[in-house]
Each structure stands twice: as structure tokens, then as C-alpha cells.
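Below: the structure, in C-alpha cells.
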Amino acid sequence: MRMLALIFMLITMCSCRGNSELGYNEKMAKLFHSCREKIDESYGKLLEGEYDVDKSDYSYHMKLNEARALSSYIKGIKCEASQLKYSKTAESFHIATIGYMTEIVDGYGDLLIKYIDEQKKGGRKSLLREITDEKEKIAALAESCLGHQIAFLNQAGIKVDSQKGK
């Protein structure tokens, strides 16, 4: 009888650990993808010229506030992600994802605000190059996050197809 209780306890502990790992992954992945969608949407608007507004135009403040709201949104997501409890197995995924979110706010977000505020075409052209470089850096960080996520899931015993979505 004791042996049966011990086996049941071990199964329960293992399944709880798996469920907590899976739960953590689902929450962090949702936050990560939310950030990814927001930055892709913003970058698309930038390339379409939606942020090329003159300070005398009524939409200038709307676009500036939109850029600030993006940074504020990502900061909120980062705060939520930072508060998630994670295991040692998930640590590298967690750190990489927080770094990704930080780069969006401190790099892309700040540059986008400067871009909107800049009124000279030459200045905007230079900032656009910087933003494009920053976007590439963020894309590389996103890929790194996905690699860390796959490694975490494999270590946690949650099988994933690393070719999915490619």
C-alpha cells in the first residue's frame, strides 16, 4: 500500500511539474507573440510612411502618442513576463525573452519616437536606417528566443517539432 502511495505521489509530482512547465510556456509564448505582432505592425506602418508627419499636422501628436503607447504596452508585457514563475529549465528562455522585450522598448521604441519627432528628411532617412538595423537585431533576438524555447521544452520533456512554422 505504501509503495502504491509513493508511486501515485511521484506521478502526481511529475505531471504537476509538466503542467507548470507547459503553463509557463503558454503564458510566456503568448506574451512574446503579442510583442512580436505589435512591433511588426509598427514597422509596417513606418515603411508605409504613416509616421512621416509634420509637426504642424494634427496627426503629429497622435502618431507620437502611438509610438509612446507601443513602448508603454511592451513595458507592461515585459513586467507581466518578469513576474512569471519559472523553473531552472526555463531560465535561459525566460532571460532571452525578457531581453527581447527590453530591446524593443529601449531600442526600437526610442528610435521610433525620435523618427516621428525629427522633421528633416535627411534626419529621418538616417533614423530609418537605424530603425531598420534595430529591427534586424530584434528579429535575431526573436529567433534566439524561439531556440531557447525549443531547448526548454525538450528539457522539460515536452516534445515539439522545431520545423513547425518554418
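Residue names in the C-alpha cells use chain letters A, B, ... in the order shown, residue numbers from 1 in each chain, and ligand numbers from 1 in the order shown.
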Find the residues of segment 130-154 of chain A that sit at most 9 Å from segment 75-90 of chain A; for each, write down the nearest two atoms and how far apart they are in Å, to one decimal. Count only C-alpha atoms. Sort by chain, then by number going up, and give it as a tab-separated table.
residue	atom	partner	partner_atom	distance
A:His148	CA	A:Ala90	CA	8.3
A:Gln149	CA	A:Ala90	CA	7.7
A:Ala151	CA	A:Ala90	CA	8.7
A:Phe152	CA	A:Ala90	CA	5.4
A:Leu153	CA	A:Ala90	CA	8.0
Save out the residues we just selected, N, CA and C atoms, as a compact mmCIF listing (two decimals), in the first residue's frame.
# COMPACT_ATOMS: atom_id res chain seq x y z
N HIS A 148 15.73 29.03 -27.63
CA HIS A 148 15.73 28.77 -26.19
C HIS A 148 14.43 28.09 -25.76
N GLN A 149 13.33 28.49 -26.37
CA GLN A 149 12.05 27.89 -26.04
C GLN A 149 12.03 26.41 -26.41
N ALA A 151 14.60 24.42 -26.76
CA ALA A 151 15.50 23.70 -25.85
C ALA A 151 14.84 23.48 -24.49
N PHE A 152 14.18 24.50 -23.98
CA PHE A 152 13.48 24.39 -22.70
C PHE A 152 12.40 23.31 -22.76
N LEU A 153 11.59 23.34 -23.81
CA LEU A 153 10.51 22.37 -23.92
C LEU A 153 11.06 20.94 -24.03
Nearest residue to Lys27 of chain A from the set A:His61, A:Lys45, A:Lys120, A:His94 (distances using only C-alpha atoms):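 That would be A:His94, the residue with the smallest distance to Lys27 of chain A.
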For Leu141 of chain A, find every residue with an atom within 9 Å (counting only C-alpha atoms), except residues of its own chain fewer than 3 positions away, and show them as a list in words. Ala96, Thr97, Gly99, Tyr100, Glu103, Glu136, Lys137, Ile138, Ser144, Cys145 and Leu146 of chain A
Selection to disk with N, CA, C and O atoms, as a tab-separated table (two decimals), in the first residue's frame:
chain	number	residue	atom	x	y	z
A	96	ALA	N	16.15	35.27	-22.17
A	96	ALA	CA	16.21	35.69	-23.58
A	96	ALA	C	14.96	36.48	-23.97
A	96	ALA	O	15.05	37.51	-24.66
A	97	THR	N	13.81	36.05	-23.49
A	97	THR	CA	12.56	36.72	-23.84
A	97	THR	C	12.46	38.09	-23.18
A	97	THR	O	12.03	39.06	-23.82
A	99	GLY	N	15.01	39.92	-22.42
A	99	GLY	CA	15.98	40.72	-23.18
A	99	GLY	C	15.40	41.21	-24.50
A	99	GLY	O	15.63	42.35	-24.92
A	100	TYR	N	14.65	40.35	-25.15
A	100	TYR	CA	13.97	40.70	-26.41
A	100	TYR	C	13.01	41.87	-26.18
A	100	TYR	O	13.02	42.85	-26.93
A	103	GLU	N	14.85	45.15	-25.50
A	103	GLU	CA	15.42	45.74	-26.72
A	103	GLU	C	14.36	46.47	-27.54
A	103	GLU	O	14.63	47.51	-28.13
A	136	GLU	N	16.28	44.40	-37.39
A	136	GLU	CA	17.02	43.17	-37.70
A	136	GLU	C	17.59	42.55	-36.42
A	136	GLU	O	17.57	41.33	-36.26
A	137	LYS	N	18.10	43.40	-35.54
A	137	LYS	CA	18.64	42.92	-34.26
A	137	LYS	C	17.52	42.26	-33.45
A	137	LYS	O	17.72	41.19	-32.87
A	138	ILE	N	16.36	42.88	-33.43
A	138	ILE	CA	15.21	42.35	-32.68
A	138	ILE	C	14.73	41.04	-33.31
A	138	ILE	O	14.38	40.09	-32.60
A	144	SER	N	16.43	33.74	-31.50
A	144	SER	CA	17.15	33.19	-30.36
A	144	SER	C	16.17	32.74	-29.28
A	144	SER	O	16.33	31.67	-28.68
A	145	CYS	N	15.15	33.56	-29.02
A	145	CYS	CA	14.12	33.20	-28.04
A	145	CYS	C	13.45	31.89	-28.41
A	145	CYS	O	13.23	31.02	-27.56
A	146	LEU	N	13.13	31.75	-29.69
A	146	LEU	CA	12.48	30.52	-30.15
A	146	LEU	C	13.39	29.31	-29.97
A	146	LEU	O	12.94	28.23	-29.58
Interatomic distance between atom CA of Tyr24 of chain A and atom CA of Lys135 of chain A?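 Value for the atom CA of Tyr24 of chain A-atom CA of Lys135 of chain A distance: 26.8 Å.
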Alpha helix (DSSP H) call set, DSSP backbone run, segment 2-148 of chain A, as number ranges by chain: A: 2-47, 59-82, 91-103, 110-117, 121-148
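Coordinates place atom CA of Glu143 of chain A at a distance of 22.4 Å from atom CA of Leu128 of chain A.
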Using only C-alpha atoms, determine which residues lie at most 12 Å from Asp54 of chain A, disregarding the query and same-chain residues fewer than 2 positions distant; provide the list as a VMD selection string. chain A and resid 49 to 52 56 to 64 115 to 121 124
Taking into account only C-alpha atoms, which residue in the set A:Ala140, A:Gly123, A:Leu70, A:Met28 is nearest to Ile98 of chain A?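 The answer is A:Met28, which sits nearest to Ile98 of chain A.
In this model, the gap between atom CA of Ile131 of chain A and atom CA of Phe32 of chain A comes to 20.1 Å.
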